[in-house]
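final38.txt, holding compact mmCIF, C-alpha atoms and all ligand atoms:
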```
# COMPACT_ATOMS: atom_id res chain seq x y z
CA MET Z 1 60.03 125.24 -101.59
CA ALA Z 2 61.11 122.13 -103.54
CA GLY Z 3 60.00 118.79 -102.14
CA ILE Z 4 61.53 115.35 -102.52
CA ASP Z 5 60.48 113.38 -105.55
CA LYS Z 6 58.37 110.29 -104.71
CA SER Z 7 60.88 108.03 -106.46
CA SER Z 8 63.67 109.02 -104.06
CA ILE Z 9 61.74 108.86 -100.79
CA ARG Z 10 62.84 105.40 -99.71
CA GLU Z 11 66.54 106.14 -100.36
CA THR Z 12 66.31 109.47 -98.54
CA VAL Z 13 64.49 108.08 -95.48
CA GLY Z 14 66.89 105.15 -95.29
CA ARG Z 15 69.94 107.41 -95.50
CA ILE Z 16 68.68 109.85 -92.85
CA LEU Z 17 67.66 107.02 -90.52
CA GLN Z 18 71.03 105.33 -91.08
CA ASP Z 19 72.91 108.57 -90.34
CA THR Z 20 70.89 109.43 -87.21
CA GLN Z 21 72.40 108.27 -83.90
CA LEU Z 22 69.44 106.65 -82.17
CA VAL Z 23 68.45 106.15 -78.53
CA ASP Z 24 67.59 102.61 -77.38
CA VAL Z 25 65.04 102.90 -74.56
CA HIS Z 26 65.04 99.26 -73.40
CA THR Z 27 68.03 96.93 -73.24
CA HIS Z 28 69.70 94.39 -70.96
CA VAL Z 29 73.19 95.65 -71.74
CA TYR Z 30 75.29 97.29 -69.06
CA ASP Z 31 78.04 99.79 -68.37
CA PRO Z 32 81.25 97.72 -68.68
CA GLU Z 33 82.19 98.88 -65.16
CA LEU Z 34 79.43 96.59 -63.87
CA GLY Z 35 81.51 93.60 -64.95
CA PRO Z 36 80.02 90.18 -65.75
CA VAL Z 37 76.43 91.40 -66.17
CA LEU Z 38 77.52 92.85 -69.53
CA LEU Z 39 77.30 89.89 -71.92
CA TRP Z 40 79.23 90.07 -75.21
CA GLY Z 41 81.10 87.90 -77.73
CA ILE Z 42 80.28 84.96 -79.96
CA ASP Z 43 79.49 82.38 -77.28
CA GLU Z 44 76.99 84.70 -75.55
CA LEU Z 45 75.55 85.64 -78.95
CA VAL Z 46 75.04 82.03 -80.06
CA THR Z 47 73.64 80.88 -76.69
CA TYR Z 48 71.02 83.71 -76.62
CA HIS Z 49 67.94 82.17 -75.07
CA TYR Z 50 66.00 82.60 -78.33
CA LEU Z 51 68.49 80.19 -79.97
CA ILE Z 52 68.35 77.78 -77.04
CA ALA Z 53 64.58 77.46 -77.61
CA GLU Z 54 65.27 76.85 -81.29
CA VAL Z 55 67.99 74.22 -80.80
CA PHE Z 56 65.63 72.08 -78.73
CA ARG Z 57 63.21 72.13 -81.64
CA ALA Z 58 66.00 71.01 -83.96
CA ARG Z 59 67.03 68.30 -81.50
CA PRO Z 60 63.87 67.34 -79.52
CA GLU Z 61 65.62 64.32 -78.01
CA LEU Z 62 68.10 66.68 -76.29
CA ASP Z 63 67.84 66.45 -72.50
CA TYR Z 64 67.36 69.80 -70.76
CA ASP Z 65 69.59 68.99 -67.77
CA LYS Z 66 72.36 67.57 -69.98
CA PHE Z 67 72.29 70.76 -72.05
CA TRP Z 68 72.49 73.05 -69.01
CA ALA Z 69 75.38 70.96 -67.64
CA MET Z 70 77.41 71.72 -70.78
CA SER Z 71 79.90 74.60 -70.83
CA LYS Z 72 78.73 77.76 -72.61
CA GLN Z 73 81.30 77.06 -75.33
CA ASP Z 74 79.98 73.53 -75.84
CA GLN Z 75 76.41 74.85 -75.90
CA ALA Z 76 77.45 77.39 -78.55
CA ASP Z 77 79.20 74.72 -80.63
CA LEU Z 78 76.10 72.51 -80.49
CA ILE Z 79 73.80 75.38 -81.48
CA TRP Z 80 76.15 76.42 -84.29
CA GLN Z 81 76.20 72.89 -85.74
CA GLU Z 82 72.47 72.30 -85.40
CA LEU Z 83 71.07 75.69 -86.46
CA PHE Z 84 73.80 77.18 -88.67
CA VAL Z 85 75.59 74.21 -90.31
CA LYS Z 86 73.07 71.37 -90.60
CA ARG Z 87 70.28 73.70 -91.77
CA SER Z 88 69.88 77.23 -93.13
CA PRO Z 89 69.91 79.80 -90.30
CA ILE Z 90 66.74 81.47 -91.53
CA SER Z 91 64.99 82.37 -88.23
CA GLU Z 92 65.23 86.02 -87.05
CA ALA Z 93 67.43 85.04 -84.10
CA CYS Z 94 69.76 83.03 -86.38
CA ARG Z 95 69.83 85.80 -88.98
CA GLY Z 96 70.78 88.22 -86.23
CA VAL Z 97 73.97 86.30 -85.45
CA LEU Z 98 74.87 86.32 -89.15
CA THR Z 99 74.25 90.08 -89.40
CA VAL Z 100 76.60 90.69 -86.46
CA MET Z 101 79.28 88.40 -87.91
CA HIS Z 102 79.00 90.09 -91.30
CA ALA Z 103 79.28 93.56 -89.73
CA LEU Z 104 82.41 92.47 -87.83
CA GLY Z 105 84.01 90.91 -90.90
CA LEU Z 106 83.64 87.36 -89.52
CA ASP Z 107 82.71 84.43 -91.76
CA PRO Z 108 78.99 83.61 -91.57
CA ASN Z 109 79.71 80.45 -93.56
CA ALA Z 110 82.22 79.09 -91.04
CA SER Z 111 81.83 75.41 -90.14
CA ASP Z 112 82.76 76.20 -86.51
CA LEU Z 113 83.27 79.13 -84.14
CA LYS Z 114 87.08 78.98 -83.88
CA GLY Z 115 87.67 82.02 -86.10
CA ALA Z 116 85.05 84.08 -84.31
CA ARG Z 117 86.47 83.15 -80.92
CA SER Z 118 89.98 84.29 -81.85
CA PHE Z 119 88.54 87.66 -83.02
CA PHE Z 120 86.82 88.17 -79.67
CA LYS Z 121 89.97 87.15 -77.75
CA GLU Z 122 91.55 90.34 -79.13
CA GLN Z 123 88.70 92.60 -77.90
CA THR Z 124 88.38 94.41 -74.57
CA ALA Z 125 84.93 95.10 -73.12
CA ARG Z 126 85.30 98.89 -73.31
CA GLY Z 127 86.83 98.85 -76.80
CA TYR Z 128 84.13 96.52 -78.03
CA VAL Z 129 81.40 98.77 -76.57
CA ASP Z 130 82.76 101.61 -78.73
CA LYS Z 131 82.86 99.34 -81.80
CA VAL Z 132 79.29 98.07 -81.29
CA PHE Z 133 77.83 101.54 -80.62
CA LYS Z 134 79.49 102.80 -83.82
CA LEU Z 135 78.28 99.86 -85.94
CA SER Z 136 74.76 100.11 -84.48
CA GLY Z 137 74.40 103.89 -84.87
CA ILE Z 138 73.29 104.10 -81.25
CA LYS Z 139 74.27 107.00 -79.01
CA LYS Z 140 72.59 105.98 -75.76
CA VAL Z 141 71.04 102.86 -74.24
CA TYR Z 142 68.72 102.50 -71.25
CA MET Z 143 69.70 99.59 -69.05
CA THR Z 144 67.49 97.23 -67.01
CA ASN Z 145 68.88 97.57 -63.50
CA ASP Z 146 67.78 95.11 -60.84
CA PRO Z 147 69.14 95.62 -57.28
CA MET Z 148 67.81 92.13 -56.47
CA ASP Z 149 70.41 90.69 -58.89
CA ASP Z 150 73.39 89.48 -56.85
CA MET Z 151 75.59 89.78 -59.96
CA GLU Z 152 74.69 93.44 -60.58
CA ARG Z 153 74.19 94.95 -57.10
CA PRO Z 154 77.84 94.84 -55.85
CA GLY Z 155 79.07 97.03 -58.69
CA TRP Z 156 76.58 99.74 -57.76
CA GLU Z 157 77.30 99.47 -54.02
CA LYS Z 158 81.05 99.80 -54.71
CA GLY Z 159 80.42 102.77 -56.99
CA PHE Z 160 82.11 103.56 -60.30
CA GLU Z 161 82.54 106.33 -62.83
CA ARG Z 162 79.53 106.11 -65.15
CA ASP Z 163 79.75 105.82 -68.92
CA GLU Z 164 77.20 108.44 -69.96
CA ARG Z 165 76.00 106.23 -72.83
CA PHE Z 166 74.37 103.85 -70.30
CA MET Z 167 71.28 105.30 -68.62
CA GLY Z 168 69.88 103.86 -65.41
CA VAL Z 169 66.42 102.26 -65.13
CA LEU Z 170 65.04 100.75 -61.93
CA ARG Z 171 63.32 97.45 -62.72
CA LEU Z 172 60.82 96.41 -60.08
CA ASP Z 173 59.11 93.13 -61.00
CA PRO Z 174 61.88 91.05 -59.36
CA THR Z 175 61.05 92.97 -56.14
CA PHE Z 176 57.26 93.06 -56.47
CA MET Z 177 56.23 89.81 -58.15
CA GLU Z 178 55.12 87.00 -55.83
CA TRP Z 179 55.40 89.35 -52.83
CA PRO Z 180 56.82 88.75 -50.19
CA LYS Z 181 59.41 86.60 -52.04
CA SER Z 182 61.95 89.48 -52.06
CA ILE Z 183 61.54 90.38 -48.38
CA GLY Z 184 64.72 88.62 -47.25
CA LYS Z 185 66.91 90.53 -49.68
CA LEU Z 186 65.24 93.84 -48.83
CA GLN Z 187 65.83 93.23 -45.11
CA ALA Z 188 69.44 92.14 -45.80
CA MET Z 189 69.86 95.45 -47.66
CA GLY Z 190 68.74 97.21 -44.50
CA TYR Z 191 65.13 98.05 -45.35
CA ASP Z 192 62.59 97.89 -42.53
CA VAL Z 193 59.97 95.76 -44.28
CA GLU Z 194 57.77 92.81 -43.35
CA PRO Z 195 55.46 90.54 -45.39
CA ALA Z 196 52.35 92.55 -44.47
CA LEU Z 197 52.05 95.68 -46.62
CA SER Z 198 51.82 97.83 -43.52
CA GLY Z 199 52.61 101.54 -43.39
CA LYS Z 200 56.11 100.60 -42.22
CA THR Z 201 56.63 98.23 -45.16
CA ILE Z 202 55.27 100.73 -47.68
CA ALA Z 203 57.66 103.34 -46.29
CA GLY Z 204 60.53 100.82 -46.44
CA ILE Z 205 59.82 99.96 -50.08
CA ARG Z 206 59.59 103.64 -51.02
CA LYS Z 207 62.96 104.19 -49.34
CA TYR Z 208 64.37 101.27 -51.38
CA ILE Z 209 62.97 102.81 -54.57
CA ASN Z 210 64.34 106.25 -53.78
CA ASP Z 211 67.73 105.01 -52.66
CA TRP Z 212 68.19 102.99 -55.85
CA CYS Z 213 66.73 105.59 -58.19
CA ASP Z 214 69.32 107.98 -56.72
CA ARG Z 215 72.16 105.45 -57.04
CA LEU Z 216 71.22 104.55 -60.63
CA ASP Z 217 70.22 108.09 -61.59
CA ALA Z 218 67.19 106.20 -62.88
CA ARG Z 219 65.48 107.93 -65.81
CA TYR Z 220 62.39 105.76 -65.50
CA MET Z 221 61.10 102.79 -63.52
CA ALA Z 222 59.99 99.61 -65.29
CA ILE Z 223 57.84 96.66 -64.34
CA SER Z 224 57.04 93.55 -66.34
CA LEU Z 225 53.60 92.14 -65.55
CA PRO Z 226 51.81 88.93 -66.58
CA PRO Z 227 48.72 88.92 -68.86
CA THR Z 228 46.67 88.21 -65.71
CA PHE Z 229 47.55 91.63 -64.28
CA ARG Z 230 44.41 93.52 -63.33
CA TYR Z 231 44.17 97.01 -61.90
CA PRO Z 232 42.62 97.74 -59.53
CA ASP Z 233 42.32 94.34 -57.90
CA LYS Z 234 41.59 94.78 -54.20
CA ASN Z 235 42.75 91.19 -53.51
CA SER Z 236 46.14 91.69 -55.17
CA THR Z 237 49.33 92.82 -53.45
CA MET Z 238 50.44 94.11 -56.86
CA THR Z 239 47.68 96.73 -56.81
CA THR Z 240 48.84 97.88 -53.36
CA LEU Z 241 52.49 97.98 -54.41
CA VAL Z 242 51.73 99.82 -57.65
CA GLU Z 243 49.34 102.27 -56.00
CA LYS Z 244 51.26 102.94 -52.80
CA THR Z 245 54.92 102.71 -53.85
CA LEU Z 246 55.69 102.61 -57.58
CA PHE Z 247 53.49 105.46 -58.77
CA PRO Z 248 53.81 107.78 -55.75
CA SER Z 249 57.60 107.49 -56.12
CA ALA Z 250 57.40 108.15 -59.88
CA VAL Z 251 55.23 111.23 -59.24
CA GLU Z 252 57.58 112.46 -56.49
CA ARG Z 253 60.60 112.03 -58.78
CA GLY Z 254 58.85 113.22 -61.94
CA ILE Z 255 59.96 110.18 -63.95
CA PRO Z 256 58.00 107.85 -66.27
CA VAL Z 257 56.87 104.32 -65.53
CA ALA Z 258 57.35 101.61 -68.17
CA LEU Z 259 54.65 98.94 -68.14
CA MET Z 260 55.77 95.80 -69.97
CA ILE Z 261 52.82 93.42 -69.95
CA GLY Z 262 52.06 90.01 -71.37
CA ALA Z 263 54.88 87.62 -70.44
CA ARG Z 264 53.78 84.30 -69.01
CA ARG Z 265 56.96 83.32 -67.18
CA LEU Z 266 58.37 79.77 -67.30
CA VAL Z 267 55.57 77.94 -69.09
CA ASN Z 268 58.36 75.43 -69.71
CA PRO Z 269 60.78 75.63 -66.74
CA GLY Z 270 63.21 73.25 -68.48
CA LEU Z 271 64.09 76.04 -70.90
CA ARG Z 272 64.88 78.48 -68.05
CA LEU Z 273 65.08 82.05 -69.50
CA ALA Z 274 63.87 80.66 -72.83
CA GLY Z 275 60.78 79.18 -71.16
CA ASP Z 276 58.50 82.23 -71.18
CA ALA Z 277 55.43 82.59 -73.38
CA VAL Z 278 52.87 85.29 -74.23
CA GLY Z 279 49.30 86.23 -73.35
CA LYS Z 280 46.84 88.97 -74.29
CA VAL Z 281 46.49 91.77 -71.72
CA ASN Z 282 43.54 93.48 -70.07
CA ILE Z 283 43.63 96.88 -71.75
CA GLU Z 284 41.11 98.33 -69.28
CA SER Z 285 43.68 97.93 -66.49
CA ILE Z 286 46.11 100.11 -68.44
CA GLU Z 287 43.37 102.67 -69.01
CA ARG Z 288 42.63 102.76 -65.26
CA LEU Z 289 46.33 103.30 -64.47
CA ALA Z 290 46.48 106.07 -67.08
CA THR Z 291 43.41 107.64 -65.47
CA ASP Z 292 44.51 107.30 -61.83
CA PHE Z 293 48.04 108.53 -62.59
CA ALA Z 294 47.25 111.05 -65.30
CA ASP Z 295 50.34 113.15 -64.52
CA THR Z 296 52.76 110.25 -64.95
CA ARG Z 297 54.08 109.37 -68.41
CA LEU Z 298 53.39 105.69 -69.08
CA LEU Z 299 55.76 103.98 -71.51
CA VAL Z 300 53.84 100.88 -72.54
CA THR Z 301 54.93 97.84 -74.49
CA LEU Z 302 52.87 94.68 -74.75
CA LEU Z 303 53.90 91.21 -75.77
CA SER Z 304 50.87 90.00 -77.70
CA ARG Z 305 50.27 91.10 -81.30
CA GLU Z 306 46.53 91.40 -80.66
CA SER Z 307 47.10 93.69 -77.69
CA MET Z 308 49.11 96.09 -79.85
CA HIS Z 309 46.03 97.28 -81.76
CA GLU Z 310 44.14 97.84 -78.50
CA LEU Z 311 47.15 99.78 -77.17
CA CYS Z 312 47.15 102.05 -80.23
CA VAL Z 313 43.47 102.88 -79.69
CA THR Z 314 43.92 103.37 -75.92
CA SER Z 315 46.93 105.63 -76.59
CA ARG Z 316 44.62 107.89 -78.63
CA LYS Z 317 42.48 108.28 -75.52
CA PHE Z 318 45.26 108.87 -72.99
CA LYS Z 319 47.90 111.49 -73.82
CA ASN Z 320 50.18 110.18 -71.05
CA ILE Z 321 50.60 106.78 -72.76
CA THR Z 322 53.56 106.35 -75.13
CA PRO Z 323 53.76 102.96 -76.86
CA PHE Z 324 57.38 101.88 -77.25
CA GLY Z 325 59.06 99.21 -79.32
CA CYS Z 326 58.10 95.84 -80.80
CA TRP Z 327 58.97 93.74 -77.79
CA TRP Z 328 60.51 90.24 -77.70
CA PHE Z 329 58.20 87.91 -79.67
CA LEU Z 330 57.05 90.94 -81.69
CA ASN Z 331 60.59 91.93 -82.67
CA ASN Z 332 60.36 90.15 -86.03
CA PRO Z 333 60.25 91.81 -89.50
CA SER Z 334 56.68 90.81 -90.38
CA LEU Z 335 55.29 92.07 -87.05
CA ILE Z 336 57.45 95.21 -86.84
CA ARG Z 337 56.11 96.13 -90.28
CA GLU Z 338 52.48 95.55 -89.28
CA ILE Z 339 52.73 97.25 -85.87
CA THR Z 340 54.70 100.26 -87.16
CA SER Z 341 52.21 100.81 -90.02
CA MET Z 342 49.31 100.65 -87.56
CA ARG Z 343 51.06 103.10 -85.21
CA PHE Z 344 51.76 105.64 -87.98
CA GLU Z 345 48.14 105.35 -89.12
CA LEU Z 346 46.63 105.73 -85.64
CA LEU Z 347 49.23 107.78 -83.76
CA GLY Z 348 51.14 109.78 -86.38
CA LEU Z 349 54.60 110.34 -84.91
CA GLY Z 350 53.47 109.99 -81.28
CA PHE Z 351 55.24 106.77 -80.34
CA ILE Z 352 58.72 105.28 -79.92
CA PRO Z 353 59.03 102.86 -82.85
CA GLN Z 354 61.60 100.47 -81.48
CA HIS Z 355 63.83 99.29 -78.67
CA SER Z 356 66.33 96.48 -79.10
CA ASP Z 357 65.74 94.56 -75.87
CA ALA Z 358 69.33 93.43 -76.51
CA ARG Z 359 70.57 90.99 -73.88
CA VAL Z 360 74.02 90.60 -75.48
CA LEU Z 361 75.89 93.79 -76.44
CA ASP Z 362 76.61 92.58 -79.99
CA GLN Z 363 72.86 92.28 -80.64
CA LEU Z 364 72.57 96.08 -80.84
CA ILE Z 365 74.16 95.71 -84.29
CA TYR Z 366 71.58 93.34 -85.71
CA LYS Z 367 68.48 94.49 -83.90
CA TRP Z 368 68.98 98.03 -85.16
CA THR Z 369 70.17 97.04 -88.67
CA HIS Z 370 67.07 94.92 -89.14
CA SER Z 371 64.66 97.44 -87.56
CA ARG Z 372 66.03 100.50 -89.39
CA ARG Z 373 65.35 98.77 -92.74
CA ILE Z 374 61.73 97.94 -91.91
CA ILE Z 375 60.94 101.28 -90.25
CA ALA Z 376 62.41 103.09 -93.27
CA ASP Z 377 60.23 100.94 -95.58
CA VAL Z 378 57.09 101.80 -93.64
CA MET Z 379 57.93 105.50 -93.21
CA ALA Z 380 58.64 105.82 -96.94
CA GLU Z 381 55.29 104.21 -97.78
CA LYS Z 382 53.44 106.63 -95.48
CA TYR Z 383 55.32 109.63 -96.88
CA ALA Z 384 54.53 108.47 -100.45
CA ASP Z 385 50.83 108.31 -99.57
CA MET Z 386 51.14 111.84 -98.18
CA LEU Z 387 52.83 113.14 -101.36
CA ASP Z 388 49.93 111.78 -103.43
CA THR Z 389 47.78 114.50 -101.84
CA GLY Z 390 50.08 117.23 -103.18
CA ARG Z 391 51.70 117.79 -99.79
CA LEU Z 392 55.46 118.51 -100.16
CA LEU Z 393 58.21 116.80 -98.13
CA THR Z 394 61.80 117.96 -97.56
CA GLU Z 395 64.85 116.21 -96.08
CA SER Z 396 64.63 118.47 -93.02
CA ASP Z 397 60.98 117.39 -92.54
CA ILE Z 398 62.13 113.76 -92.46
CA LYS Z 399 65.03 114.50 -90.09
CA LYS Z 400 62.68 116.41 -87.78
CA ASP Z 401 60.19 113.52 -87.75
CA ILE Z 402 62.88 110.93 -87.05
CA ASP Z 403 64.36 112.98 -84.20
CA LEU Z 404 60.86 113.47 -82.78
CA MET Z 405 60.38 109.69 -82.54
CA PHE Z 406 63.87 108.46 -81.78
CA ASP Z 407 65.81 111.18 -79.98
CA VAL Z 408 64.18 110.19 -76.72
CA THR Z 409 65.12 111.89 -73.47
CA LEU Z 410 63.45 110.30 -70.46
O1 LIG Y 1 61.26 91.17 -69.26
C1 LIG Y 1 61.95 91.63 -70.19
O2 LIG Y 1 62.51 92.76 -70.18
C2 LIG Y 1 62.13 90.72 -71.40
O3 LIG Y 1 62.77 91.45 -72.44
C3 LIG Y 1 62.94 89.51 -70.98
O4 LIG Y 1 64.20 89.94 -70.51
C4 LIG Y 1 63.11 88.46 -72.08
O5 LIG Y 1 63.76 87.33 -71.54
C5 LIG Y 1 63.93 88.94 -73.24
O6 LIG Y 1 65.13 88.99 -73.20
N1 LIG Y 1 63.24 89.26 -74.32
O7 LIG Y 1 63.89 89.64 -75.46
ZN ZN Y 2 63.65 93.17 -71.93
```
I'd like the structure from this file rewritten - as structure tokens, please.
Amino acid sequence: MAGIDKSSIRETVGRILQDTQLVDVHTHVYDPELGPVLLWGIDELVTYHYLIAEVFRARPELDYDKFWAMSKQDQADLIWQELFVKRSPISEACRGVLTVMHALGLDPNASDLKGARSFFKEQTARGYVDKVFKLSGIKKVYMTNDPMDDMERPGWEKGFERDERFMGVLRLDPTFMEWPKSIGKLQAMGYDVEPALSGKTIAGIRKYINDWCDRLDARYMAISLPPTFRYPDKNSTMTTLVEKTLFPSAVERGIPVALMIGARRLVNPGLRLAGDAVGKVNIESIERLATDFADTRLLVTLLSRESMHELCVTSRKFKNITPFGCWWFLNNPSLIREITSMRFELLGLGFIPQHSDARVLDQLIYKWTHSRRIIADVMAEKYADMLDTGRLLTESDIKKDIDLMFDVTL
């Protein structure tokens, strides 16, 4: 059996990864039938909250309220001038916009956004979804569906014919965090709940979960938790909600739970969505959840670089933990490289290397273009090390390995 020569590994891995239609297990993009919750086009791309954080660093005298009072187009024009014209757009978020423009045949050297805007005027949402999926090499995305979102809920209540490329995911932190903040909406939706986590309320929340998992055809449930999350914590409503509703419903439905831990929300409220920061997590709490709910698959992604090493070690101890993606502040080339190397070294192929976390449809293009390159670099290095031992490697070995990691069915 002839193996691949070491000198052609990187080209071969890159080609196979490029030609493989991947699955994106965490995004904030939506079936176009859901209407305005699907963000796309140059103004959404340039006003991505990552770039809003960066424009305030370029223009520290900018007033938060004045910025938010501007139209989205004016915000985009300001960001374009400050981050793309007056200085080199070298940050990962800036580079991402350029990668998308380049892929669409738009001019990344343009002095304004007029040309880009006229291109997008000719697009329809559905047609552009097809274009972006093709350019990204993505066959399926998992959404982040929040019934508490007044923009998203009506589309689901009305009902629509699903685009099978958009998989449902029930997101629960907007319902659970700062309980009983969501009680009014739950009651307005007809659920018999009260602030006290009584048997009646627990039953009402489980009905909410089941009703919406049915409506979404949810493939997993997700919850984002702060670095302060501790489990079990007998004084915390979150422990009760997780123990008595989230996990029992996941077990009953036989679906995974995604734990996304480490975001410190709104450390700077003036930045709104761009105002969140990061904190290291308590890995023991994840180990206790993995122990108490040993039959539930835990998809885990953490926001702090330091926590990622602990997660790799903990994943070796708990077969029901699957680390997924380089999330948010970790979705940068230098950190994707480090984390992916560590995961191959500690977990072999037993993890999901990446998710895009795309908030704007167009971002699928850049987040996957950038990640494919780095993951191919790291995979090729690991394969080369393996060949040095005399072990042979074929193209079908590589394809099998890539499908094992990326062709995720949840
Ligand atoms: O909680 C999450 O899913 C995060 O991804 C947030 O949406 C965050 O604002 C984000 O977009 N990160 O990329
Ligand atoms: Zn996200």
*Write out as a list in words each polymer residue (protein, DNA or RNA) that has an atom no more than 7 Å from ligand ZN 2 (chain Y), with only C-alpha atoms and all ligand atoms counted.*
His26, Thr27, His28 and Asp357 of chain Z
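Nearest residue to Phe344 of chain Z among Z:Glu152, Z:Asp362, Z:Glu306, Z:Asp401 is Z:Asp401, counting only C-alpha atoms.
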Hey, could you make a per-residue contact list for chain Z against ligand LIG 1 (chain Y) with 8 Å as the cut-off, showing the nearest pair of atoms and its distance in Å to one decimal, counting all atoms listed in the file, sorted by chain and number, as a Markdown table?
```
| residue | atom | partner | partner_atom | distance |
| --- | --- | --- | --- | --- |
| Z:His26 | CA | Y:LIG1 | O2 | 7.7 |
| Z:Thr27 | CA | Y:LIG1 | O2 | 7.6 |
| Z:His28 | CA | Y:LIG1 | O4 | 7.1 |
| Z:His49 | CA | Y:LIG1 | O5 | 7.5 |
| Z:Tyr50 | CA | Y:LIG1 | O7 | 7.9 |
| Z:Thr144 | CA | Y:LIG1 | O2 | 7.4 |
| Z:Ser224 | CA | Y:LIG1 | O1 | 5.7 |
| Z:Met260 | CA | Y:LIG1 | O1 | 7.2 |
| Z:Ala263 | CA | Y:LIG1 | O1 | 7.4 |
| Z:Leu273 | CA | Y:LIG1 | O5 | 5.8 |
| Z:Ala274 | CA | Y:LIG1 | O5 | 6.8 |
| Z:Asp276 | CA | Y:LIG1 | O5 | 7.3 |
| Z:Trp327 | CA | Y:LIG1 | O7 | 6.8 |
| Z:Trp328 | CA | Y:LIG1 | O7 | 4.1 |
| Z:Phe329 | CA | Y:LIG1 | O7 | 7.3 |
| Z:Asp357 | CA | Y:LIG1 | O7 | 5.3 |
| Z:Ala358 | CA | Y:LIG1 | O7 | 6.7 |
| Z:Arg359 | CA | Y:LIG1 | O6 | 5.8 |
```
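Distances here use all atoms listed in the file; by that measure, the residue among Z:Thr389, Z:Ser249, Z:Gln363, Z:Thr314 closest to Ile42 of chain Z is Z:Gln363.
Neighbours of segment 179-192 of chain Z closer than or equal to 9 Å, with only C-alpha atoms counted and sequence neighbours fewer than 6 positions away skipped, come out as Met148, Lys200, Thr201, Ala203, Gly204, Ile205, Lys207, Tyr208, Thr237 and Met238 of chain Z.
Among the candidates Z:Leu246, Z:Leu170, Z:Pro333, Z:Gly41, the one nearest to Val129 of chain Z when counting all atoms listed in the file is Z:Gly41.
Between Val378 of chain Z and the residues Z:Thr394, Z:Arg337, Z:Ile365, Z:Gly262, the shortest atom-to-atom distance, using all atoms listed in the file, involves Z:Arg337.
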Could you give me, as JSON lines, a per-residue list for segment 349-372 of chain Z showing, wherever an atom lies at most 10 Å from an atom of segment 15-19 of chain Z, the closest pair of atoms and their distance in Å to one decimal, using all atoms listed in the file and sorting by chain then residue number from low to high?
```
{"residue": "Z:Trp368", "atom": "CA", "partner": "Z:Gln18", "partner_atom": "CA", "distance": 9.6}
{"residue": "Z:Thr369", "atom": "CA", "partner": "Z:Gln18", "partner_atom": "CA", "distance": 8.7}
{"residue": "Z:Arg372", "atom": "CA", "partner": "Z:Leu17", "partner_atom": "CA", "distance": 6.8}
```
Those same residues, written as a PDB file, keeping the file's coordinate frame with C-alpha atoms?
```pdb
ATOM      1  CA  TRP Z 368      68.980  98.030 -85.160  1.00  0.00           C
ATOM      2  CA  THR Z 369      70.170  97.040 -88.670  1.00  0.00           C
ATOM      3  CA  ARG Z 372      66.030 100.500 -89.390  1.00  0.00           C
TER       4      ARG Z 372
END
```
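Put simply, atom CA of Asn268 of chain Z is 29.1 Å away from atom CA of Val100 of chain Z.
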